[in-house]
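> File follows, final18.cif with mmCIF, C-alpha atoms:
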data_work
#
loop_
_atom_site.group_PDB
_atom_site.id
_atom_site.type_symbol
_atom_site.label_atom_id
_atom_site.label_comp_id
_atom_site.auth_asym_id
_atom_site.auth_seq_id
_atom_site.Cartn_x
_atom_site.Cartn_y
_atom_site.Cartn_z
ATOM 1 C CA MET A 1315 -34.599 50.218 -34.836
ATOM 2 C CA ASN A 1316 -32.486 49.977 -31.745
ATOM 3 C CA TRP A 1317 -31.777 46.292 -31.125
ATOM 4 C CA TYR A 1318 -30.019 46.968 -27.825
ATOM 5 C CA LYS A 1319 -33.389 48.022 -26.479
ATOM 6 C CA TYR A 1320 -34.481 44.382 -26.614
ATOM 7 C CA ALA A 1321 -31.560 43.225 -24.491
ATOM 8 C CA SER A 1322 -33.588 44.581 -21.568
ATOM 9 C CA PRO A 1323 -35.955 41.968 -20.100
ATOM 10 C CA ALA A 1324 -38.756 44.517 -19.612
ATOM 11 C CA ASN A 1325 -38.596 45.523 -23.303
ATOM 12 C CA PHE A 1326 -38.206 41.996 -24.626
ATOM 13 C CA TYR A 1327 -41.200 40.722 -22.633
ATOM 14 C CA PRO A 1328 -43.961 42.147 -24.908
ATOM 15 C CA LEU A 1329 -41.969 41.374 -28.089
ATOM 16 C CA ALA A 1330 -41.648 37.718 -27.014
ATOM 17 C CA GLY A 1331 -45.388 37.642 -26.367
ATOM 18 C CA LYS A 1332 -46.090 38.783 -29.930
ATOM 19 C CA MET A 1333 -43.670 36.189 -31.368
ATOM 20 C CA ILE A 1334 -45.096 33.105 -29.629
ATOM 21 C CA PRO A 1335 -48.153 32.407 -31.891
ATOM 22 C CA TRP A 1336 -45.944 32.708 -35.008
ATOM 23 C CA PHE A 1337 -44.036 29.663 -33.797
ATOM 24 C CA ALA A 1338 -46.718 27.735 -31.900
ATOM 25 C CA ILE A 1339 -49.306 27.542 -34.710
ATOM 26 C CA PRO A 1340 -46.892 26.432 -37.488
ATOM 27 C CA ALA A 1341 -45.445 23.899 -34.992
ATOM 28 C CA VAL A 1342 -48.854 22.227 -34.597
ATOM 29 C CA ILE A 1343 -49.438 22.226 -38.371
ATOM 30 C CA LEU A 1344 -46.006 20.727 -39.105
ATOM 31 C CA PHE A 1345 -46.441 18.027 -36.431
ATOM 32 C CA VAL A 1346 -49.689 16.960 -38.144
ATOM 33 C CA VAL A 1347 -48.125 17.062 -41.634
ATOM 34 C CA GLY A 1348 -44.963 15.261 -40.470
ATOM 35 C CA LEU A 1349 -46.925 12.463 -38.783
ATOM 36 C CA TYR A 1350 -49.170 12.130 -41.843
ATOM 37 C CA VAL A 1351 -46.190 11.771 -44.189
ATOM 38 C CA GLY A 1352 -44.413 9.491 -41.702
ATOM 39 C CA PHE A 1353 -47.293 7.074 -41.204
ATOM 40 C CA PHE A 1354 -49.304 7.237 -44.447
ATOM 41 C CA VAL A 1355 -46.845 8.232 -47.197
ATOM 42 C CA ALA A 1356 -43.494 6.735 -46.158
ATOM 43 C CA PRO A 1357 -43.276 3.051 -47.131
ATOM 44 C CA THR A 1358 -42.560 0.144 -44.788
ATOM 45 C CA ASP A 1359 -38.814 -0.459 -44.458
ATOM 46 C CA SER A 1360 -37.541 -3.637 -46.141
ATOM 47 C CA GLN A 1361 -35.268 -4.564 -43.220
ATOM 48 C CA GLN A 1362 -36.946 -3.169 -40.099
ATOM 49 C CA GLY A 1363 -40.602 -3.358 -41.087
ATOM 50 C CA ASP A 1364 -42.669 -0.650 -39.418
ATOM 51 C CA ALA A 1365 -40.442 -0.444 -36.315
ATOM 52 C CA TYR A 1366 -38.308 2.125 -38.154
ATOM 53 C CA ARG A 1367 -41.162 4.682 -37.905
ATOM 54 C CA ILE A 1368 -39.817 5.533 -34.443
ATOM 55 C CA ILE A 1369 -37.129 7.432 -36.384
ATOM 56 C CA PHE A 1370 -39.538 10.326 -37.050
ATOM 57 C CA ILE A 1371 -39.462 11.267 -33.390
ATOM 58 C CA HIS A 1372 -36.168 9.672 -32.295
ATOM 59 C CA VAL A 1373 -33.805 11.536 -34.639
ATOM 60 C CA PRO A 1374 -35.460 14.994 -34.272
ATOM 61 C CA ALA A 1375 -35.494 14.566 -30.468
ATOM 62 C CA ALA A 1376 -31.811 13.600 -30.420
ATOM 63 C CA TRP A 1377 -30.841 16.546 -32.641
ATOM 64 C CA MET A 1378 -32.895 18.955 -30.537
ATOM 65 C CA GLY A 1379 -31.216 17.662 -27.379
ATOM 66 C CA MET A 1380 -27.775 18.425 -28.825
ATOM 67 C CA MET A 1381 -28.615 21.696 -30.579
ATOM 68 C CA LEU A 1382 -30.500 23.161 -27.628
ATOM 69 C CA TYR A 1383 -27.509 22.325 -25.421
ATOM 70 C CA VAL A 1384 -25.136 24.244 -27.711
ATOM 71 C CA LEU A 1385 -27.599 27.138 -27.828
ATOM 72 C CA MET A 1386 -27.946 27.058 -24.037
ATOM 73 C CA ALA A 1387 -24.144 27.162 -23.614
ATOM 74 C CA ILE A 1388 -23.862 30.093 -26.062
ATOM 75 C CA TYR A 1389 -26.552 32.100 -24.244
ATOM 76 C CA ALA A 1390 -25.044 31.238 -20.861
ATOM 77 C CA ALA A 1391 -21.617 32.405 -22.123
ATOM 78 C CA ILE A 1392 -23.066 35.677 -23.491
ATOM 79 C CA GLY A 1393 -24.896 36.244 -20.217
ATOM 80 C CA TRP A 1394 -21.666 35.714 -18.333
ATOM 81 C CA ALA A 1395 -19.233 37.588 -20.626
ATOM 82 C CA PHE A 1396 -21.399 40.651 -21.305
ATOM 83 C CA ASN A 1397 -23.324 40.630 -18.032
ATOM 84 C CA ALA A 1398 -26.531 40.275 -20.074
ATOM 85 C CA ARG A 1399 -29.328 39.110 -17.772
ATOM 86 C CA LEU A 1400 -31.735 38.286 -20.591
ATOM 87 C CA ALA A 1401 -29.241 35.887 -22.235
ATOM 88 C CA SER A 1402 -28.788 34.044 -18.938
ATOM 89 C CA MET A 1403 -32.550 33.782 -18.530
ATOM 90 C CA MET A 1404 -32.725 32.367 -22.067
ATOM 91 C CA ALA A 1405 -30.174 29.702 -21.098
ATOM 92 C CA SER A 1406 -32.311 28.702 -18.086
ATOM 93 C CA SER A 1407 -35.402 28.565 -20.259
ATOM 94 C CA LEU A 1408 -33.674 26.393 -22.885
ATOM 95 C CA SER A 1409 -32.392 23.888 -20.324
ATOM 96 C CA ILE A 1410 -35.824 22.386 -19.501
ATOM 97 C CA THR A 1411 -36.873 21.829 -23.122
ATOM 98 C CA GLY A 1412 -33.416 20.498 -24.032
ATOM 99 C CA ALA A 1413 -33.534 18.018 -21.146
ATOM 100 C CA MET A 1414 -37.020 16.929 -22.218
ATOM 101 C CA PHE A 1415 -35.901 16.216 -25.805
ATOM 102 C CA THR A 1416 -32.767 14.383 -24.628
ATOM 103 C CA PHE A 1417 -34.926 12.217 -22.368
ATOM 104 C CA LEU A 1418 -37.275 11.508 -25.300
ATOM 105 C CA SER A 1419 -34.378 10.529 -27.573
ATOM 106 C CA LEU A 1420 -33.154 8.031 -24.961
ATOM 107 C CA VAL A 1421 -36.605 6.558 -24.316
ATOM 108 C CA SER A 1422 -37.617 6.349 -27.990
ATOM 109 C CA GLY A 1423 -34.195 4.859 -28.755
ATOM 110 C CA SER A 1424 -34.764 2.272 -26.066
ATOM 111 C CA LEU A 1425 -38.172 1.398 -27.540
ATOM 112 C CA TRP A 1426 -36.485 1.062 -30.931
ATOM 113 C CA GLY A 1427 -33.518 -0.916 -29.610
ATOM 114 C CA LYS A 1428 -35.632 -3.651 -28.027
ATOM 115 C CA PRO A 1429 -37.219 -4.977 -31.257
ATOM 116 C CA THR A 1430 -34.211 -4.328 -33.542
ATOM 117 C CA TRP A 1431 -31.172 -5.018 -31.312
ATOM 118 C CA GLY A 1432 -32.913 -7.272 -28.787
ATOM 119 C CA THR A 1433 -32.028 -5.034 -25.840
ATOM 120 C CA TRP A 1434 -33.398 -1.879 -24.225
ATOM 121 C CA TRP A 1435 -29.952 -0.501 -23.479
ATOM 122 C CA VAL A 1436 -26.271 -1.059 -24.227
ATOM 123 C CA TRP A 1437 -23.330 0.927 -22.890
ATOM 124 C CA ASP A 1438 -22.115 1.903 -26.317
ATOM 125 C CA ALA A 1439 -20.483 5.271 -27.015
ATOM 126 C CA ARG A 1440 -23.534 6.960 -28.611
ATOM 127 C CA LEU A 1441 -25.964 5.927 -25.870
ATOM 128 C CA THR A 1442 -23.579 6.608 -23.002
ATOM 129 C CA SER A 1443 -22.589 10.068 -24.242
ATOM 130 C CA THR A 1444 -26.281 10.950 -24.752
ATOM 131 C CA LEU A 1445 -27.002 9.828 -21.186
ATOM 132 C CA ILE A 1446 -24.170 12.137 -20.048
ATOM 133 C CA LEU A 1447 -25.881 14.950 -21.993
ATOM 134 C CA LEU A 1448 -29.071 14.336 -19.981
ATOM 135 C CA PHE A 1449 -27.034 14.414 -16.743
ATOM 136 C CA LEU A 1450 -25.420 17.713 -17.829
ATOM 137 C CA TYR A 1451 -28.882 19.227 -18.342
ATOM 138 C CA ILE A 1452 -30.076 17.889 -14.987
ATOM 139 C CA GLY A 1453 -26.880 19.203 -13.357
ATOM 140 C CA PHE A 1454 -27.429 22.657 -14.885
ATOM 141 C CA ILE A 1455 -31.084 22.776 -13.769
ATOM 142 C CA SER A 1456 -30.336 21.537 -10.223
ATOM 143 C CA LEU A 1457 -27.347 23.842 -9.805
ATOM 144 C CA GLN A 1458 -29.451 26.861 -10.783
ATOM 145 C CA ALA A 1459 -32.289 25.760 -8.508
ATOM 146 C CA ALA A 1460 -29.909 25.360 -5.569
ATOM 147 C CA ILE A 1461 -28.575 28.941 -5.634
ATOM 148 C CA ASP A 1462 -30.846 31.697 -4.331
ATOM 149 C CA ASP A 1463 -29.192 34.733 -5.916
ATOM 150 C CA PRO A 1464 -30.279 34.580 -9.612
ATOM 151 C CA ARG A 1465 -27.100 36.178 -11.016
ATOM 152 C CA ARG A 1466 -24.835 33.825 -9.047
ATOM 153 C CA ALA A 1467 -26.997 30.915 -10.250
ATOM 154 C CA ASP A 1468 -26.555 32.187 -13.834
ATOM 155 C CA LEU A 1469 -22.770 32.319 -13.520
ATOM 156 C CA ALA A 1470 -22.436 28.917 -11.867
ATOM 157 C CA GLY A 1471 -24.714 27.414 -14.529
ATOM 158 C CA ALA A 1472 -22.682 29.080 -17.285
ATOM 159 C CA VAL A 1473 -19.464 27.394 -16.114
ATOM 160 C CA LEU A 1474 -21.149 23.981 -16.151
ATOM 161 C CA ALA A 1475 -22.865 24.594 -19.521
ATOM 162 C CA ILE A 1476 -19.643 25.776 -21.224
ATOM 163 C CA VAL A 1477 -17.489 22.927 -19.889
ATOM 164 C CA GLY A 1478 -20.169 20.392 -20.832
ATOM 165 C CA VAL A 1479 -20.346 21.546 -24.449
ATOM 166 C CA ILE A 1480 -17.339 19.284 -25.181
ATOM 167 C CA ASN A 1481 -19.772 16.371 -24.894
ATOM 168 C CA VAL A 1482 -21.795 17.434 -27.961
ATOM 169 C CA PRO A 1483 -19.104 16.679 -30.613
ATOM 170 C CA ILE A 1484 -18.360 13.470 -28.694
ATOM 171 C CA ILE A 1485 -21.994 12.389 -29.180
ATOM 172 C CA TYR A 1486 -21.983 13.443 -32.816
ATOM 173 C CA PHE A 1487 -18.755 11.646 -33.792
ATOM 174 C CA SER A 1488 -19.153 8.710 -31.391
ATOM 175 C CA VAL A 1489 -20.466 6.453 -34.170
ATOM 176 C CA GLN A 1490 -17.310 7.147 -36.212
ATOM 177 C CA TRP A 1491 -14.722 7.114 -33.427
ATOM 178 C CA TRP A 1492 -15.864 3.963 -31.697
ATOM 179 C CA ASN A 1493 -17.312 0.696 -32.881
ATOM 180 C CA THR A 1494 -20.894 1.182 -31.748
ATOM 181 C CA LEU A 1495 -24.058 -0.871 -31.950
ATOM 182 C CA HIS A 1496 -25.823 2.369 -32.857
ATOM 183 C CA GLN A 1497 -25.933 2.936 -36.605
ATOM 184 C CA GLY A 1498 -23.885 5.667 -38.273
ATOM 185 C CA ALA A 1499 -25.205 9.025 -39.450
ATOM 186 C CA THR A 1500 -28.026 8.707 -41.979
ATOM 187 C CA ILE A 1501 -27.735 12.298 -43.113
ATOM 188 C CA ARG A 1502 -24.481 14.111 -43.782
ATOM 189 C CA LEU A 1503 -24.054 17.547 -45.217
ATOM 190 C CA LEU A 1504 -22.069 16.603 -48.332
ATOM 191 C CA ASN A 1505 -23.272 13.070 -48.999
ATOM 192 C CA LYS A 1506 -26.530 11.936 -50.491
ATOM 193 C CA PRO A 1507 -28.849 10.735 -47.723
ATOM 194 C CA THR A 1508 -29.282 6.971 -47.563
ATOM 195 C CA MET A 1509 -33.050 7.142 -47.050
ATOM 196 C CA ALA A 1510 -36.129 6.993 -49.266
ATOM 197 C CA PRO A 1511 -37.315 10.577 -50.022
ATOM 198 C CA PRO A 1512 -40.687 10.351 -48.147
ATOM 199 C CA MET A 1513 -38.904 8.985 -45.045
ATOM 200 C CA LEU A 1514 -36.378 11.813 -45.197
ATOM 201 C CA ALA A 1515 -39.159 14.368 -45.772
ATOM 202 C CA ALA A 1516 -41.153 13.141 -42.755
ATOM 203 C CA MET A 1517 -38.065 13.310 -40.562
ATOM 204 C CA LEU A 1518 -37.139 16.832 -41.673
ATOM 205 C CA ILE A 1519 -40.733 18.075 -41.249
ATOM 206 C CA MET A 1520 -40.785 16.630 -37.719
ATOM 207 C CA LEU A 1521 -37.423 18.303 -37.038
ATOM 208 C CA ALA A 1522 -38.827 21.661 -38.181
ATOM 209 C CA ALA A 1523 -41.910 21.104 -36.002
ATOM 210 C CA CYS A 1524 -39.689 20.359 -32.990
ATOM 211 C CA TRP A 1525 -37.682 23.543 -33.617
ATOM 212 C CA LEU A 1526 -40.835 25.700 -33.818
ATOM 213 C CA TYR A 1527 -42.293 23.975 -30.746
ATOM 214 C CA SER A 1528 -39.046 24.580 -28.835
ATOM 215 C CA ILE A 1529 -38.905 28.273 -29.752
ATOM 216 C CA ALA A 1530 -42.537 28.808 -28.708
ATOM 217 C CA VAL A 1531 -42.175 26.949 -25.411
ATOM 218 C CA VAL A 1532 -38.825 28.564 -24.586
ATOM 219 C CA LEU A 1533 -40.273 32.046 -25.198
ATOM 220 C CA VAL A 1534 -43.286 31.354 -22.943
ATOM 221 C CA ARG A 1535 -40.943 30.104 -20.220
ATOM 222 C CA LEU A 1536 -38.602 33.068 -20.737
ATOM 223 C CA ARG A 1537 -41.529 35.424 -20.104
ATOM 224 C CA CYS A 1538 -42.319 33.550 -16.887
ATOM 225 C CA ILE A 1539 -38.683 33.774 -15.768
ATOM 226 C CA ILE A 1540 -38.614 37.533 -16.504
ATOM 227 C CA LEU A 1541 -41.777 38.075 -14.448
ATOM 228 C CA GLU A 1542 -40.675 35.865 -11.569
ATOM 229 C CA ARG A 1543 -37.305 37.596 -11.304
ATOM 230 C CA GLU A 1544 -38.845 41.069 -11.480
ATOM 231 C CA GLN A 1545 -41.285 40.138 -8.724
ATOM 232 C CA ASN A 1546 -38.531 38.742 -6.533
ATOM 233 C CA ALA A 1547 -36.464 41.876 -7.069
ATOM 234 C CA ALA A 1548 -39.458 44.098 -6.237
ATOM 235 C CA ARG A 1549 -40.191 42.087 -3.104
ATOM 236 C CA LEU A 1550 -36.566 42.296 -1.982
ATOM 237 C CA ALA A 1551 -36.570 46.063 -2.589
ATOM 238 C CA GLU A 1552 -39.696 46.422 -0.395
ATOM 239 C CA VAL A 1553 -38.115 44.741 2.611
ATOM 240 C CA GLY A 1554 -34.929 46.749 2.050
ATOM 241 C CA ALA A 1555 -32.689 43.795 1.253
ATOM 242 C CA MET B 1322 -54.468 -1.400 -45.425
ATOM 243 C CA THR B 1323 -57.032 -1.826 -42.648
ATOM 244 C CA TRP B 1324 -57.020 0.118 -39.394
ATOM 245 C CA SER B 1325 -56.158 -2.964 -37.354
ATOM 246 C CA GLU B 1326 -53.135 -3.553 -39.595
ATOM 247 C CA PHE B 1327 -52.225 0.083 -39.144
ATOM 248 C CA PHE B 1328 -52.393 -0.129 -35.351
ATOM 249 C CA SER B 1329 -50.447 -3.382 -35.199
ATOM 250 C CA MET B 1330 -47.528 -1.765 -37.148
ATOM 251 C CA GLY B 1331 -46.443 -5.169 -38.441
ATOM 252 C CA GLY B 1332 -46.197 -6.478 -34.877
ATOM 253 C CA TYR B 1333 -44.176 -3.491 -33.642
ATOM 254 C CA GLY B 1334 -47.230 -1.561 -32.410
ATOM 255 C CA PHE B 1335 -46.152 -1.545 -28.762
ATOM 256 C CA TYR B 1336 -42.767 0.021 -29.586
ATOM 257 C CA VAL B 1337 -43.950 2.465 -32.246
ATOM 258 C CA TRP B 1338 -47.077 3.687 -30.433
ATOM 259 C CA GLY B 1339 -45.285 3.554 -27.087
ATOM 260 C CA SER B 1340 -42.652 5.991 -28.297
ATOM 261 C CA TYR B 1341 -45.230 8.370 -29.807
ATOM 262 C CA LEU B 1342 -47.417 8.180 -26.691
ATOM 263 C CA LEU B 1343 -44.425 9.073 -24.497
ATOM 264 C CA THR B 1344 -43.595 11.953 -26.855
ATOM 265 C CA LEU B 1345 -47.165 13.229 -26.584
ATOM 266 C CA LEU B 1346 -47.046 12.957 -22.789
ATOM 267 C CA ALA B 1347 -43.686 14.743 -22.586
ATOM 268 C CA LEU B 1348 -44.594 17.632 -24.908
ATOM 269 C CA GLY B 1349 -48.149 17.891 -23.566
ATOM 270 C CA GLY B 1350 -46.872 17.725 -19.999
ATOM 271 C CA GLU B 1351 -44.346 20.477 -20.661
ATOM 272 C CA VAL B 1352 -47.042 22.724 -22.154
ATOM 273 C CA VAL B 1353 -49.498 22.074 -19.276
ATOM 274 C CA PHE B 1354 -46.886 22.755 -16.573
ATOM 275 C CA LEU B 1355 -45.757 25.859 -18.430
ATOM 276 C CA LEU B 1356 -49.279 27.278 -18.780
ATOM 277 C CA ARG B 1357 -49.870 26.678 -15.061
ATOM 278 C CA ARG B 1358 -46.593 28.441 -14.278
ATOM 279 C CA ARG B 1359 -47.623 31.310 -16.562
ATOM 280 C CA SER B 1360 -51.068 31.743 -15.015
ATOM 281 C CA HIS B 1361 -49.427 31.688 -11.579
ATOM 282 C CA CYS B 1362 -46.887 34.398 -12.386
ATOM 283 C CA SER B 1363 -49.186 36.617 -14.430
ATOM 284 C CA HIS B 1364 -51.750 36.463 -11.606
ATOM 285 C CA ALA B 1365 -49.106 37.745 -9.215
ATOM 286 C CA ARG B 1366 -48.240 40.426 -11.772
ATOM 287 C CA MET B 1367 -51.753 41.889 -11.584
ATOM 288 C CA GLN B 1368 -51.058 42.761 -7.956
ATOM 289 C CA ASP B 1369 -47.685 44.220 -8.773
ATOM 290 C CA GLN B 1370 -47.985 47.552 -10.553
ATOM 291 C CA SER B 1371 -44.259 48.248 -10.475
ATOM 292 C CA PHE B 1372 -43.634 46.112 -13.584
ATOM 293 C CA ARG B 1373 -44.793 47.770 -16.783
ATOM 294 C CA SER B 1374 -45.115 45.842 -20.007
#
Would you mind writing the file out in structure tokens?


Amino acid sequence: MNWYKYASPANFYPLAGKMIPWFAIPAVILFVVGLYVGFFVAPTDSQQGDAYRIIFIHVPAAWMGMMLYVLMAIYAAIGWAFNARLASMMASSLSITGAMFTFLSLVSGSLWGKPTWGTWWVWDARLTSTLILLFLYIGFISLQAAIDDPRRADLAGAVLAIVGVINVPIIYFSVQWWNTLHQGATIRLLNKPTMAPPMLAAMLIMLAACWLYSIAVVLVRLRCIILEREQNAARLAEVGA
Amino acid sequence: MTWSEFFSMGGYGFYVWGSYLLTLLALGGEVVFLLRRRSHCSHARMQDQSFRS
């Protein structure tokens, strides 16, 4: 099998179409299972009561916001370094979903902060750096939208995406580096998680659902971007531009 | 546990259901906009025979 074949947008288009249901259907199933475990199996928290149940969407959304940004920067860099159009289109496709999840993490965090901290918003390091992440996404999307030539838009976006990647470790370590109101990491690779098993299970199932959802949505959008760019190119060729 | 207890979420119903409602709106909104975008571009594709797939 020649993998380079699929670096071409026209060849990847039908493959992406075949892949979409394999992510979309499990995403729906895992959302249902995750919400069931989160609301009917996981017990009420002894300190926060039922307010903590926001965690099942808040933490997955925040992780998706960060991980999709890193992925977007990697694709943008590949598109730039190897002149790979499909990778650049992937970066554009990822930006919308990443921005959406970052927005959701901020809003759900705000709805969680009000009953537990007594405020919708504080300018602490975790919240501020996440807000900067949202602005980086919005900057990337607006910059690309403002440039007519798609390849120039890809390159300009790549510079912004790569420079902005420095913000992701800042978000991640912000709760250790600064004294924040936001709580520290609940889950670390080498430590035992400090959560009851059903709570942890619900959160991880929701995270998996968000990943599958993101892949499905990003592939649908990638197919749209491929078509739109091909049509623009064909139209430009017709008028001799 | 009764349903009314379930919906009140121990008094945190507004915050808990508010965050899930916004999530539903955001994800649902993204899917709806995307499907509209897709139907728009694949409709244009029907008229454009130069792109094979």

> Might you pull out every residue within 9 Å of segment 1330-1339 of chain B, with only C-alpha atoms counted and same-chain residues fewer than 5 positions away left off, and present them as a JSON list (two decimals) with C-alpha atoms, in the coordinates of the input?


[["chain", "number", "residue", "atom", "x", "y", "z"],
["A", 1363, "GLY", "CA", -40.60, -3.36, -41.09],
["A", 1364, "ASP", "CA", -42.67, -0.65, -39.42],
["A", 1365, "ALA", "CA", -40.44, -0.44, -36.32],
["A", 1366, "TYR", "CA", -38.31, 2.12, -38.15],
["A", 1367, "ARG", "CA", -41.16, 4.68, -37.90],
["A", 1368, "ILE", "CA", -39.82, 5.53, -34.44],
["A", 1422, "SER", "CA", -37.62, 6.35, -27.99],
["A", 1425, "LEU", "CA", -38.17, 1.40, -27.54],
["A", 1426, "TRP", "CA", -36.48, 1.06, -30.93],
["A", 1428, "LYS", "CA", -35.63, -3.65, -28.03],
["A", 1429, "PRO", "CA", -37.22, -4.98, -31.26],
["B", 1325, "SER", "CA", -56.16, -2.96, -37.35],
["B", 1344, "THR", "CA", -43.60, 11.95, -26.86]]

> Calculate how many Å separate atom CA of Ala1459 of chain A from atom CA of Asn1546 of chain A, rounding to one decimal.

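So the two atoms, atom CA of Ala1459 of chain A and atom CA of Asn1546 of chain A, lie 14.5 Å apart.
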
> For the structure provided, state which residues fall under the PyMOL selection byres ((chain A and resi 1324-1326) around 10), and present them as number ranges by chain.

A: 1318-1323, 1327-1331, 1400, 1536-1537, 1540-1541, 1544; B: 1372-1374

> Please compute the atom CA of Leu1441 of chain A-atom CA of Gly1423 of chain A distance, one decimal, in Å.

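Calculated distance between atom CA of Leu1441 of chain A and atom CA of Gly1423 of chain A is 8.8 Å.
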
> For Met1386 of chain A, which of A:Met1404, A:Ile1339, A:Ala1398, A:Ile1334 is the closest residue, counting only C-alpha atoms?

A:Met1404

> Take atom CA of Arg1535 of chain A and atom CA of Gly1478 of chain A and report the distance between them in Å, one decimal.

22.9 Å

> Considering only C-alpha atoms, can you say which of B:Ser1340, B:Leu1356, B:Gly1350, B:Glu1326 comes closest to chain A?

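Smallest separation from chain A among the options: B:Ser1340.
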
> Counting only C-alpha atoms, find the residues whose atoms lie at most 10 Å from (-45.1, 26.4, -20.5) (file coordinates) and write them out as a short mmCIF file (atom, residue, chain, number, x, y, z; two decimals) with C-alpha atoms, in the coordinates of the input.


data_model
loop_
_atom_site.label_atom_id
_atom_site.label_comp_id
_atom_site.auth_asym_id
_atom_site.auth_seq_id
_atom_site.Cartn_x
_atom_site.Cartn_y
_atom_site.Cartn_z
CA SER A 1407 -35.40 28.56 -20.26
CA THR A 1411 -36.87 21.83 -23.12
CA ALA A 1530 -42.54 28.81 -28.71
CA VAL A 1531 -42.18 26.95 -25.41
CA VAL A 1532 -38.83 28.56 -24.59
CA LEU A 1533 -40.27 32.05 -25.20
CA VAL A 1534 -43.29 31.35 -22.94
CA ARG A 1535 -40.94 30.10 -20.22
CA LEU A 1536 -38.60 33.07 -20.74
CA ARG A 1537 -41.53 35.42 -20.10
CA CYS A 1538 -42.32 33.55 -16.89
CA LEU B 1348 -44.59 17.63 -24.91
CA GLY B 1349 -48.15 17.89 -23.57
CA GLY B 1350 -46.87 17.73 -20.00
CA GLU B 1351 -44.35 20.48 -20.66
CA VAL B 1352 -47.04 22.72 -22.15
CA VAL B 1353 -49.50 22.07 -19.28
CA PHE B 1354 -46.89 22.76 -16.57
CA LEU B 1355 -45.76 25.86 -18.43
CA LEU B 1356 -49.28 27.28 -18.78
CA ARG B 1357 -49.87 26.68 -15.06
CA ARG B 1358 -46.59 28.44 -14.28
CA ARG B 1359 -47.62 31.31 -16.56
CA SER B 1360 -51.07 31.74 -15.02
#

> Give the answer as one residue: which of A:Ala1338, A:Ile1452, A:Ile1369, A:Val1477 has the shortest atom-to-atom distance to Leu1514 of chain A, using only C-alpha atoms?

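Among A:Ala1338, A:Ile1452, A:Ile1369, A:Val1477, it is A:Ile1369 that comes nearest to Leu1514 of chain A.
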
> Carefully work through the PyMOL selection byres ((chain A and resi 1388) around 9) for this structure and note down the residues it includes, as a PyMOL selection string.

chain A and resi 1383-1387+1389-1393+1401+1405+1472+1475-1476

> Considering only C-alpha atoms, can you say which of A:Ile1529, A:Ile1410, A:Ala1523, A:Leu1447 comes closest to chain B?

A:Ile1410
